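Chemist: See model_38.pdb below, with PDB, C-alpha atoms and all ligand atoms.
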```pdb
ATOM      1  CA  MET A   1     252.587 -11.102-202.046  1.00  0.00           C
ATOM      2  CA  THR A   2     251.666  -7.881-200.308  1.00  0.00           C
ATOM      3  CA  CYS A   3     248.360  -6.294-199.415  1.00  0.00           C
ATOM      4  CA  LYS A   4     247.470  -2.810-200.546  1.00  0.00           C
ATOM      5  CA  ILE A   5     244.623  -0.365-200.001  1.00  0.00           C
ATOM      6  CA  ILE A   6     243.240   1.118-203.196  1.00  0.00           C
ATOM      7  CA  PRO A   7     242.795   4.798-202.310  1.00  0.00           C
ATOM      8  CA  GLU A   8     240.046   5.381-204.860  1.00  0.00           C
ATOM      9  CA  LYS A   9     237.881   2.681-203.270  1.00  0.00           C
ATOM     10  CA  CYS A  10     238.625   3.285-199.586  1.00  0.00           C
ATOM     11  CA  VAL A  11     235.810   5.136-197.806  1.00  0.00           C
ATOM     12  CA  SER A  12     237.957   5.824-194.720  1.00  0.00           C
ATOM     13  CA  CYS A  13     235.687   3.893-192.363  1.00  0.00           C
ATOM     14  CA  GLY A  14     238.619   2.707-190.238  1.00  0.00           C
ATOM     15  CA  VAL A  15     237.268  -0.826-189.790  1.00  0.00           C
ATOM     16  CA  CYS A  16     240.472  -2.448-190.981  1.00  0.00           C
ATOM     17  CA  VAL A  17     242.691  -0.678-188.467  1.00  0.00           C
ATOM     18  CA  GLY A  18     241.333  -2.548-185.456  1.00  0.00           C
ATOM     19  CA  MET A  19     241.251  -5.880-187.288  1.00  0.00           C
ATOM     20  CA  CYS A  20     244.905  -5.997-188.247  1.00  0.00           C
ATOM     21  CA  PRO A  21     246.844  -8.265-185.868  1.00  0.00           C
ATOM     22  CA  ALA A  22     250.104  -6.590-186.834  1.00  0.00           C
ATOM     23  CA  ASN A  23     248.921  -2.993-186.439  1.00  0.00           C
ATOM     24  CA  ALA A  24     250.095  -2.466-189.985  1.00  0.00           C
ATOM     25  CA  ILE A  25     247.265  -0.220-191.139  1.00  0.00           C
ATOM     26  CA  VAL A  26     247.781   3.430-190.441  1.00  0.00           C
ATOM     27  CA  ALA A  27     245.814   6.566-191.116  1.00  0.00           C
ATOM     28  CA  ALA A  28     247.628   9.633-192.316  1.00  0.00           C
ATOM     29  CA  ALA A  29     245.942  12.815-193.456  1.00  0.00           C
ATOM     30  CA  GLY A  30     242.620  11.004-193.699  1.00  0.00           C
ATOM     31  CA  LYS A  31     244.025   8.261-195.914  1.00  0.00           C
ATOM     32  CA  TYR A  32     244.543   4.677-194.846  1.00  0.00           C
ATOM     33  CA  GLU A  33     247.652   2.781-195.842  1.00  0.00           C
ATOM     34  CA  ILE A  34     249.292  -0.554-195.128  1.00  0.00           C
ATOM     35  CA  ASP A  35     252.855  -0.399-193.882  1.00  0.00           C
ATOM     36  CA  PRO A  36     254.648  -3.125-195.858  1.00  0.00           C
ATOM     37  CA  GLU A  37     257.285  -3.359-193.153  1.00  0.00           C
ATOM     38  CA  LEU A  38     254.687  -4.406-190.568  1.00  0.00           C
ATOM     39  CA  CYS A  39     252.180  -6.359-192.688  1.00  0.00           C
ATOM     40  CA  VAL A  40     252.468 -10.129-192.281  1.00  0.00           C
ATOM     41  CA  ASN A  41     250.167 -10.816-195.248  1.00  0.00           C
ATOM     42  CA  CYS A  42     247.544 -12.649-193.192  1.00  0.00           C
ATOM     43  CA  SER A  43     244.722 -11.355-195.465  1.00  0.00           C
ATOM     44  CA  VAL A  44     242.365 -10.708-192.529  1.00  0.00           C
ATOM     45  CA  CYS A  45     241.777  -7.133-193.648  1.00  0.00           C
ATOM     46  CA  ILE A  46     240.670  -8.107-197.145  1.00  0.00           C
ATOM     47  CA  GLY A  47     237.520  -9.819-195.953  1.00  0.00           C
ATOM     48  CA  MET A  48     236.735  -7.098-193.415  1.00  0.00           C
ATOM     49  CA  CYS A  49     236.724  -4.113-195.739  1.00  0.00           C
ATOM     50  CA  PRO A  50     233.143  -3.117-196.602  1.00  0.00           C
ATOM     51  CA  ALA A  51     234.341  -1.292-199.700  1.00  0.00           C
ATOM     52  CA  ASN A  52     236.478  -4.115-201.076  1.00  0.00           C
ATOM     53  CA  ALA A  53     239.314  -1.636-201.118  1.00  0.00           C
ATOM     54  CA  ILE A  54     242.062  -4.006-200.006  1.00  0.00           C
ATOM     55  CA  VAL A  55     243.714  -6.327-202.480  1.00  0.00           C
ATOM     56  CA  LYS A  56     246.678  -8.623-202.661  1.00  0.00           C
ATOM     57  CA  GLU A  57     249.231  -7.482-205.141  1.00  0.00           C
ATOM     58  CA  GLU A  58     250.828 -10.073-207.310  1.00  0.00           C
ATOM     59  CA  PRO A  59     254.595  -9.980-207.117  1.00  0.00           C
ATOM     60  CA  SER A  60     256.047  -8.801-210.371  1.00  0.00           C
ATOM     61  CA  CYS A  61     258.854 -11.323-210.317  1.00  0.00           C
ATOM     62  CA  THR A  62     257.035 -14.619-209.675  1.00  0.00           C
ATOM     63  CA  GLY A  63     258.206 -17.168-212.139  1.00  0.00           C
ATOM     64  CA  ALA A  64     260.913 -14.967-213.514  1.00  0.00           C
ATOM     65  CA  CYS A  65     263.502 -17.457-212.358  1.00  0.00           C
ATOM     66  CA  ALA A  66     263.806 -20.273-209.838  1.00  0.00           C
ATOM     67  CA  THR A  67     266.345 -18.672-207.580  1.00  0.00           C
ATOM     68  CA  CYS A  68     264.371 -16.699-205.007  1.00  0.00           C
ATOM     69  CA  PRO A  69     261.206 -18.678-203.985  1.00  0.00           C
ATOM     70  CA  GLY A  70     263.024 -20.607-201.305  1.00  0.00           C
ATOM     71  CA  ALA A  71     264.247 -17.395-199.795  1.00  0.00           C
ATOM     72  CA  CYS A  72     261.262 -15.090-200.096  1.00  0.00           C
ATOM     73  CA  GLY A  73     258.285 -17.403-200.560  1.00  0.00           C
ATOM     74  CA  GLY A  74     257.345 -15.556-203.699  1.00  0.00           C
ATOM     75  CA  SER A  75     256.317 -12.425-201.839  1.00  0.00           C
TER      76      SER A  75
HETATM   77  S1  LIG A 101     238.101  -1.057-194.072  1.00  0.00           S
HETATM   78 FE1  LIG A 101     238.373  -0.589-196.262  1.00  0.00          FE
HETATM   79  S2  LIG A 101     237.195   1.271-196.624  1.00  0.00           S
HETATM   80 FE2  LIG A 101     237.494   1.087-194.399  1.00  0.00          FE
HETATM   81  S3  LIG A 101     239.396   2.273-193.970  1.00  0.00           S
HETATM   82 FE3  LIG A 101     239.999   0.136-194.291  1.00  0.00          FE
HETATM   83  S4  LIG A 101     240.512   0.037-196.483  1.00  0.00           S
HETATM   84 FE4  LIG A 101     239.305   1.888-196.199  1.00  0.00          FE
HETATM   85  S1  LIG A 102     247.189  -8.585-194.490  1.00  0.00           S
HETATM   86 FE1  LIG A 102     247.034  -8.931-192.232  1.00  0.00          FE
HETATM   87  S2  LIG A 102     248.878  -7.947-191.393  1.00  0.00           S
HETATM   88 FE2  LIG A 102     248.619  -7.140-193.481  1.00  0.00          FE
HETATM   89  S3  LIG A 102     247.459  -5.262-193.251  1.00  0.00           S
HETATM   90 FE3  LIG A 102     245.967  -6.903-193.628  1.00  0.00          FE
HETATM   91  S4  LIG A 102     245.328  -7.620-191.587  1.00  0.00           S
HETATM   92 FE4  LIG A 102     247.234  -6.432-191.352  1.00  0.00          FE
END
```
Starting from the coordinates I provided, produce the structure as structure tokens.
Ligand code: SF4
Ligand code: SF4
Modeler:
Amino acid sequence: MTCKIIPEKCVSCGVCVGMCPANAIVAAAGKYEIDPELCVNCSVCIGMCPANAIVKEEPSCTGACATCPGACGGS
């Protein structure tokens, strides 16, 4: 699973940036984004966002087969 900021809901308050323990949330050109390479999927940011703009994305492949869960944890 990965976390994602929904641009249409984000009000660019910046609250999430300081809350992220992995410094994975970055602002670029006034838009806030989560760097998937840095995000450790702790979910802290989801509860902190006043606009409910951060969501966990369901992996598209969960349940597709039984090969990968042991390797990737389903994320
Ligand atoms: S806390 Fe929510 S609304 Fe504020 S910048 Fe982060 S994602 Fe956007
Ligand atoms: S889930 Fe955790 S690591 Fe990922 S962006 Fe949110 S606060 Fe940062």
Chemist: Could you check how far atom CA of A:Gly14 sits from atom CA of A:Cys39, in Å to one decimal?
Modeler: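 These atoms are spaced 16.5 Å apart.
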Chemist: Where does chain A meet ligand LIG 101 (chain A) within 10 Å, residue by residue, with the nearest atom pair and distance in Å to one decimal for each, counting all atoms listed in the file, listed by chain and rising number, as CSV?
Modeler:
```
residue,atom,partner,partner_atom,distance
A:Lys4,CA,A:LIG101,S4,8.5
A:Ile5,CA,A:LIG101,S4,5.4
A:Ile6,CA,A:LIG101,S4,7.3
A:Pro7,CA,A:LIG101,FE4,7.6
A:Glu8,CA,A:LIG101,FE4,9.4
A:Lys9,CA,A:LIG101,S2,6.8
A:Cys10,CA,A:LIG101,FE4,3.7
A:Val11,CA,A:LIG101,S2,4.3
A:Ser12,CA,A:LIG101,S3,3.9
A:Cys13,CA,A:LIG101,FE2,3.9
A:Gly14,CA,A:LIG101,S3,3.8
A:Val15,CA,A:LIG101,S1,4.4
A:Cys16,CA,A:LIG101,S1,4.1
A:Val17,CA,A:LIG101,FE3,6.5
A:Gly18,CA,A:LIG101,S1,9.3
A:Met19,CA,A:LIG101,S1,8.9
A:Cys20,CA,A:LIG101,FE3,9.9
A:Ile25,CA,A:LIG101,FE3,7.9
A:Val26,CA,A:LIG101,S3,9.2
A:Ala27,CA,A:LIG101,S3,8.2
A:Gly30,CA,A:LIG101,S3,9.3
A:Lys31,CA,A:LIG101,S3,7.8
A:Tyr32,CA,A:LIG101,S3,5.7
A:Glu33,CA,A:LIG101,S4,7.7
A:Ile34,CA,A:LIG101,S4,8.9
A:Cys45,CA,A:LIG101,S1,7.1
A:Ile46,CA,A:LIG101,FE1,7.9
A:Gly47,CA,A:LIG101,S1,9.0
A:Met48,CA,A:LIG101,S1,6.2
A:Cys49,CA,A:LIG101,S1,3.7
A:Pro50,CA,A:LIG101,FE1,5.8
A:Ala51,CA,A:LIG101,S2,4.9
A:Asn52,CA,A:LIG101,FE1,6.3
A:Ala53,CA,A:LIG101,FE1,5.1
A:Ile54,CA,A:LIG101,S4,5.6
A:Val55,CA,A:LIG101,S4,9.3
```
Chemist: For the file shown, report as a VMD selection string the outcome of the PyMOL selection byres (((chain A and resi 22) around 8) and not hetatm) at residue level.
Modeler: chain A and resid 20 to 21 23 to 24 38 to 40
Chemist: Give the answer as one residue: which of A:Asp35, A:Asn41, A:Thr2, A:Glu58 has the shortest atom-to-atom distance to ligand LIG 102 (chain A), using all atoms listed in the file?
Modeler: A:Asn41
